[in-house]
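Structure data follow from structure.pdb (PDB, C-alpha atoms):
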ATOM      1  CA  MET F   1     -28.525  -2.746  12.685  1.00  0.00           C
ATOM      2  CA  SER F   2     -25.166  -2.656  14.429  1.00  0.00           C
ATOM      3  CA  HIS F   3     -22.021  -3.897  12.701  1.00  0.00           C
ATOM      4  CA  THR F   4     -19.027  -5.269  14.528  1.00  0.00           C
ATOM      5  CA  ILE F   5     -15.710  -3.993  13.206  1.00  0.00           C
ATOM      6  CA  PHE F   6     -12.943  -6.584  13.087  1.00  0.00           C
ATOM      7  CA  THR F   7      -9.296  -5.815  12.675  1.00  0.00           C
ATOM      8  CA  ALA F   8      -6.969  -8.122  10.773  1.00  0.00           C
ATOM      9  CA  GLU F   9      -5.521  -9.169  14.134  1.00  0.00           C
ATOM     10  CA  ASP F  10      -9.019 -10.027  15.440  1.00  0.00           C
ATOM     11  CA  LEU F  11      -9.723 -12.157  12.405  1.00  0.00           C
ATOM     12  CA  PHE F  12      -6.349 -13.879  12.598  1.00  0.00           C
ATOM     13  CA  GLY F  13      -6.872 -14.630  16.290  1.00  0.00           C
ATOM     14  CA  ALA F  14     -10.308 -16.092  15.572  1.00  0.00           C
ATOM     15  CA  MET F  15      -8.917 -18.195  12.744  1.00  0.00           C
ATOM     16  CA  LYS F  16      -6.173 -19.592  14.965  1.00  0.00           C
ATOM     17  CA  GLY F  17      -8.918 -20.825  17.286  1.00  0.00           C
ATOM     18  CA  MET F  18     -10.818 -22.622  14.504  1.00  0.00           C
ATOM     19  CA  VAL F  19     -10.551 -26.327  13.984  1.00  0.00           C
ATOM     20  CA  SER F  20      -8.716 -27.128  10.759  1.00  0.00           C
ATOM     21  CA  SER F  21     -11.866 -28.244   8.906  1.00  0.00           C
ATOM     22  CA  GLU F  22     -13.460 -24.838   9.565  1.00  0.00           C
ATOM     23  CA  ARG F  23     -10.326 -23.010   8.370  1.00  0.00           C
ATOM     24  CA  VAL F  24     -10.475 -25.016   5.143  1.00  0.00           C
ATOM     25  CA  ARG F  25     -14.160 -24.148   4.797  1.00  0.00           C
ATOM     26  CA  PHE F  26     -13.400 -20.457   5.444  1.00  0.00           C
ATOM     27  CA  PHE F  27     -10.726 -20.288   2.740  1.00  0.00           C
ATOM     28  CA  THR F  28     -12.969 -22.172   0.332  1.00  0.00           C
ATOM     29  CA  LEU F  29     -15.735 -19.622   0.883  1.00  0.00           C
ATOM     30  CA  LEU F  30     -13.244 -16.781   0.578  1.00  0.00           C
ATOM     31  CA  SER F  31     -11.913 -18.034  -2.743  1.00  0.00           C
ATOM     32  CA  GLU F  32     -15.409 -18.637  -4.113  1.00  0.00           C
ATOM     33  CA  TYR F  33     -17.003 -15.334  -3.158  1.00  0.00           C
ATOM     34  CA  ALA F  34     -14.363 -12.717  -2.407  1.00  0.00           C
ATOM     35  CA  PHE F  35     -12.539 -13.073  -5.687  1.00  0.00           C
ATOM     36  CA  GLU F  36     -15.370 -13.907  -8.071  1.00  0.00           C
ATOM     37  CA  LYS F  37     -14.046 -11.551 -10.710  1.00  0.00           C
ATOM     38  CA  GLU F  38     -10.806 -12.841 -12.184  1.00  0.00           C
ATOM     39  CA  ASN F  39      -9.403  -9.775 -13.905  1.00  0.00           C
ATOM     40  CA  PHE F  40      -9.543  -6.577 -11.910  1.00  0.00           C
ATOM     41  CA  SER F  41      -8.513  -3.361 -13.605  1.00  0.00           C
ATOM     42  CA  HIS F  42      -5.667  -1.285 -12.233  1.00  0.00           C
ATOM     43  CA  GLU F  43      -8.220   1.384 -11.296  1.00  0.00           C
ATOM     44  CA  GLU F  44     -10.328  -1.131  -9.326  1.00  0.00           C
ATOM     45  CA  VAL F  45      -7.321  -2.268  -7.299  1.00  0.00           C
ATOM     46  CA  PHE F  46      -5.370   0.984  -6.888  1.00  0.00           C
ATOM     47  CA  GLY F  47      -7.889   3.721  -7.725  1.00  0.00           C
ATOM     48  CA  ASP F  48      -8.154   5.036  -4.193  1.00  0.00           C
ATOM     49  CA  VAL F  49      -4.360   5.222  -3.887  1.00  0.00           C
ATOM     50  CA  SER F  50      -3.747   7.188  -7.082  1.00  0.00           C
ATOM     51  CA  ASN F  51      -4.826  10.473  -5.491  1.00  0.00           C
ATOM     52  CA  SER F  52      -3.322   9.765  -2.090  1.00  0.00           C
ATOM     53  CA  GLN F  53      -0.611  11.723  -0.369  1.00  0.00           C
ATOM     54  CA  PHE F  54       2.235   9.734   1.159  1.00  0.00           C
ATOM     55  CA  THR F  55       4.231  10.686   4.234  1.00  0.00           C
ATOM     56  CA  VAL F  56       8.035  10.436   4.166  1.00  0.00           C
ATOM     57  CA  SER F  57       7.872   7.020   5.818  1.00  0.00           C
ATOM     58  CA  GLU F  58       5.195   5.715   3.435  1.00  0.00           C
ATOM     59  CA  ALA F  59       7.025   7.142   0.418  1.00  0.00           C
ATOM     60  CA  SER F  60      10.326   5.539   1.423  1.00  0.00           C
ATOM     61  CA  ASP F  61       8.527   2.202   1.908  1.00  0.00           C
ATOM     62  CA  TYR F  62       6.935   2.520  -1.518  1.00  0.00           C
ATOM     63  CA  LEU F  63      10.283   3.301  -3.146  1.00  0.00           C
ATOM     64  CA  GLU F  64      11.939   0.517  -1.142  1.00  0.00           C
ATOM     65  CA  VAL F  65      14.631   2.821   0.234  1.00  0.00           C
ATOM     66  CA  SER F  66      15.517   3.924   3.746  1.00  0.00           C
ATOM     67  CA  VAL F  67      14.085   7.137   5.170  1.00  0.00           C
ATOM     68  CA  PRO F  68      17.553   8.792   5.135  1.00  0.00           C
ATOM     69  CA  THR F  69      17.981   7.864   1.453  1.00  0.00           C
ATOM     70  CA  PHE F  70      14.528   9.254   0.670  1.00  0.00           C
ATOM     71  CA  ARG F  71      15.369  12.483   2.513  1.00  0.00           C
ATOM     72  CA  ARG F  72      18.530  12.786   0.371  1.00  0.00           C
ATOM     73  CA  TYR F  73      16.348  12.493  -2.752  1.00  0.00           C
ATOM     74  CA  VAL F  74      14.200  15.348  -1.431  1.00  0.00           C
ATOM     75  CA  GLN F  75      17.218  17.488  -0.472  1.00  0.00           C
ATOM     76  CA  GLY F  76      18.684  16.855  -3.923  1.00  0.00           C
ATOM     77  CA  LYS F  77      15.388  18.006  -5.506  1.00  0.00           C
ATOM     78  CA  LYS F  78      14.916  14.609  -7.183  1.00  0.00           C
ATOM     79  CA  ILE F  79      11.431  14.489  -5.693  1.00  0.00           C
ATOM     80  CA  THR F  80       9.404  17.383  -4.318  1.00  0.00           C
ATOM     81  CA  PRO F  81       6.675  17.383  -1.687  1.00  0.00           C
ATOM     82  CA  ILE F  82       3.278  18.567  -2.886  1.00  0.00           C
ATOM     83  CA  HIS F  83       2.201  19.657   0.567  1.00  0.00           C
ATOM     84  CA  VAL F  84       4.045  20.691   3.722  1.00  0.00           C
ATOM     85  CA  VAL F  85       2.446  21.031   7.147  1.00  0.00           C
ATOM     86  CA  GLY F  86       4.956  22.227   9.698  1.00  0.00           C
ATOM     87  CA  ARG F  87       7.835  19.765   9.425  1.00  0.00           C
ATOM     88  CA  ASN F  88       5.667  17.098   7.754  1.00  0.00           C
ATOM     89  CA  GLN F  89       6.018  16.629   4.023  1.00  0.00           C
ATOM     90  CA  PHE F  90       3.527  14.852   1.785  1.00  0.00           C
ATOM     91  CA  PHE F  91       4.200  13.405  -1.656  1.00  0.00           C
ATOM     92  CA  ALA F  92       1.865  12.655  -4.559  1.00  0.00           C
ATOM     93  CA  ALA F  93       1.405   9.004  -5.444  1.00  0.00           C
ATOM     94  CA  GLN F  94       1.839   9.777  -9.154  1.00  0.00           C
ATOM     95  CA  ASP F  95       5.142  11.581  -8.512  1.00  0.00           C
ATOM     96  CA  LEU F  96       6.410   8.625  -6.490  1.00  0.00           C
ATOM     97  CA  LYS F  97       5.335   6.199  -9.207  1.00  0.00           C
ATOM     98  CA  SER F  98       7.216   8.186 -11.864  1.00  0.00           C
ATOM     99  CA  PHE F  99      10.289   8.478  -9.661  1.00  0.00           C
ATOM    100  CA  LYS F 100      10.244   4.746  -8.916  1.00  0.00           C
ATOM    101  CA  ARG F 101      10.084   4.064 -12.636  1.00  0.00           C
ATOM    102  CA  SER F 102      13.120   6.314 -13.191  1.00  0.00           C
ATOM    103  CA  LEU F 103      15.030   4.477 -10.455  1.00  0.00           C
ATOM    104  CA  ARG F 104      14.335   1.183 -12.229  1.00  0.00           C
ATOM    105  CA  GLU F 105      15.625   2.640 -15.490  1.00  0.00           C
ATOM    106  CA  VAL F 106      18.878   3.674 -13.808  1.00  0.00           C
ATOM    107  CA  LYS F 107      19.328   0.150 -12.405  1.00  0.00           C
ATOM    108  CA  ARG F 108      18.837  -1.392 -15.872  1.00  0.00           C
ATOM    109  CA  HIS F 109      21.627   0.647 -17.436  1.00  0.00           C
TER     110      HIS F 109
END
Translate this structure into structure tokens?
Amino acid sequence: MSHTIFTAEDLFGAMKGMVSSERVRFFTLLSEYAFEKENFSHEEVFGDVSNSQFTVSEASDYLEVSVPTFRRYVQGKKITPIHVVGRNQFFAAQDLKSFKRSLREVKRH
């Protein structure tokens, strides 16, 4: 059995071409079947991310800072890469989460 792979853009394009009654039907089906379970655990939602490695760009997006600001954090040893390949640095999701929490604490005080 062959499966067709759709991208989000493919799906969006197809939905734009639907008549409005079919879009309503689609979202009704989506709400009924895709989200049957009301309370997902943190592990169910983010489990695959917890062991991920983030690039500089991804890490700066996660921390909601610019890439230059993130690089200053690294240069200032406020956050340390867990892996370096050539000029590419990778950061642990857990380290970023802890650092983001510390940034929030600084903003509160």
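Note that CA of Gln94 in chain F and CA of Gln75 in chain F are 19.3 Å apart.
In terms of minimum interatomic distance to Leu63 in chain F, F:Ile79 ranks closest within F:Glu22, F:Ile79, F:Glu32, F:Phe6, counting all atoms listed in the file.
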_Residues near range 97-107 of chain F, cut-off 10 Å, only C-alpha atoms, skip fewer than 6 positions along chain, as a PyMOL selection string_ = chain F and resi 50+59+62-64+78-79
Can I get the selection written as a PDB file, keeping the file's coordinate frame, with C-alpha atoms?
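Result file is result24.pdb:
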ATOM      1  CA  SER F  50      -3.747   7.188  -7.082  1.00  0.00           C
ATOM      2  CA  ALA F  59       7.025   7.142   0.418  1.00  0.00           C
ATOM      3  CA  TYR F  62       6.935   2.520  -1.518  1.00  0.00           C
ATOM      4  CA  LEU F  63      10.283   3.301  -3.146  1.00  0.00           C
ATOM      5  CA  GLU F  64      11.939   0.517  -1.142  1.00  0.00           C
ATOM      6  CA  LYS F  78      14.916  14.609  -7.183  1.00  0.00           C
ATOM      7  CA  ILE F  79      11.431  14.489  -5.693  1.00  0.00           C
TER       8      ILE F  79
END
Applying 7 Å and only C-alpha atoms, which residues near Ile82 in chain F remain after dropping the ones on its own chain fewer than 4 positions away? List them as a short mmCIF file (atom, residue, chain, number, x, y, z; two decimals) with C-alpha atoms, in the frame of the given file.
data_model
loop_
_atom_site.label_atom_id
_atom_site.label_comp_id
_atom_site.auth_asym_id
_atom_site.auth_seq_id
_atom_site.Cartn_x
_atom_site.Cartn_y
_atom_site.Cartn_z
CA PHE F 90 3.53 14.85 1.78
CA PHE F 91 4.20 13.40 -1.66
CA ALA F 92 1.86 12.66 -4.56
#
_Evaluate the PyMOL selection byres ((chain F and resi 83) around 12) and report residues as an MDAnalysis selection string_ = chainID F and resid 52:56 80:82 84:92
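Taking CA of Arg23 in chain F and CA of Ile5 in chain F as the two end points, the separation is 20.3 Å.
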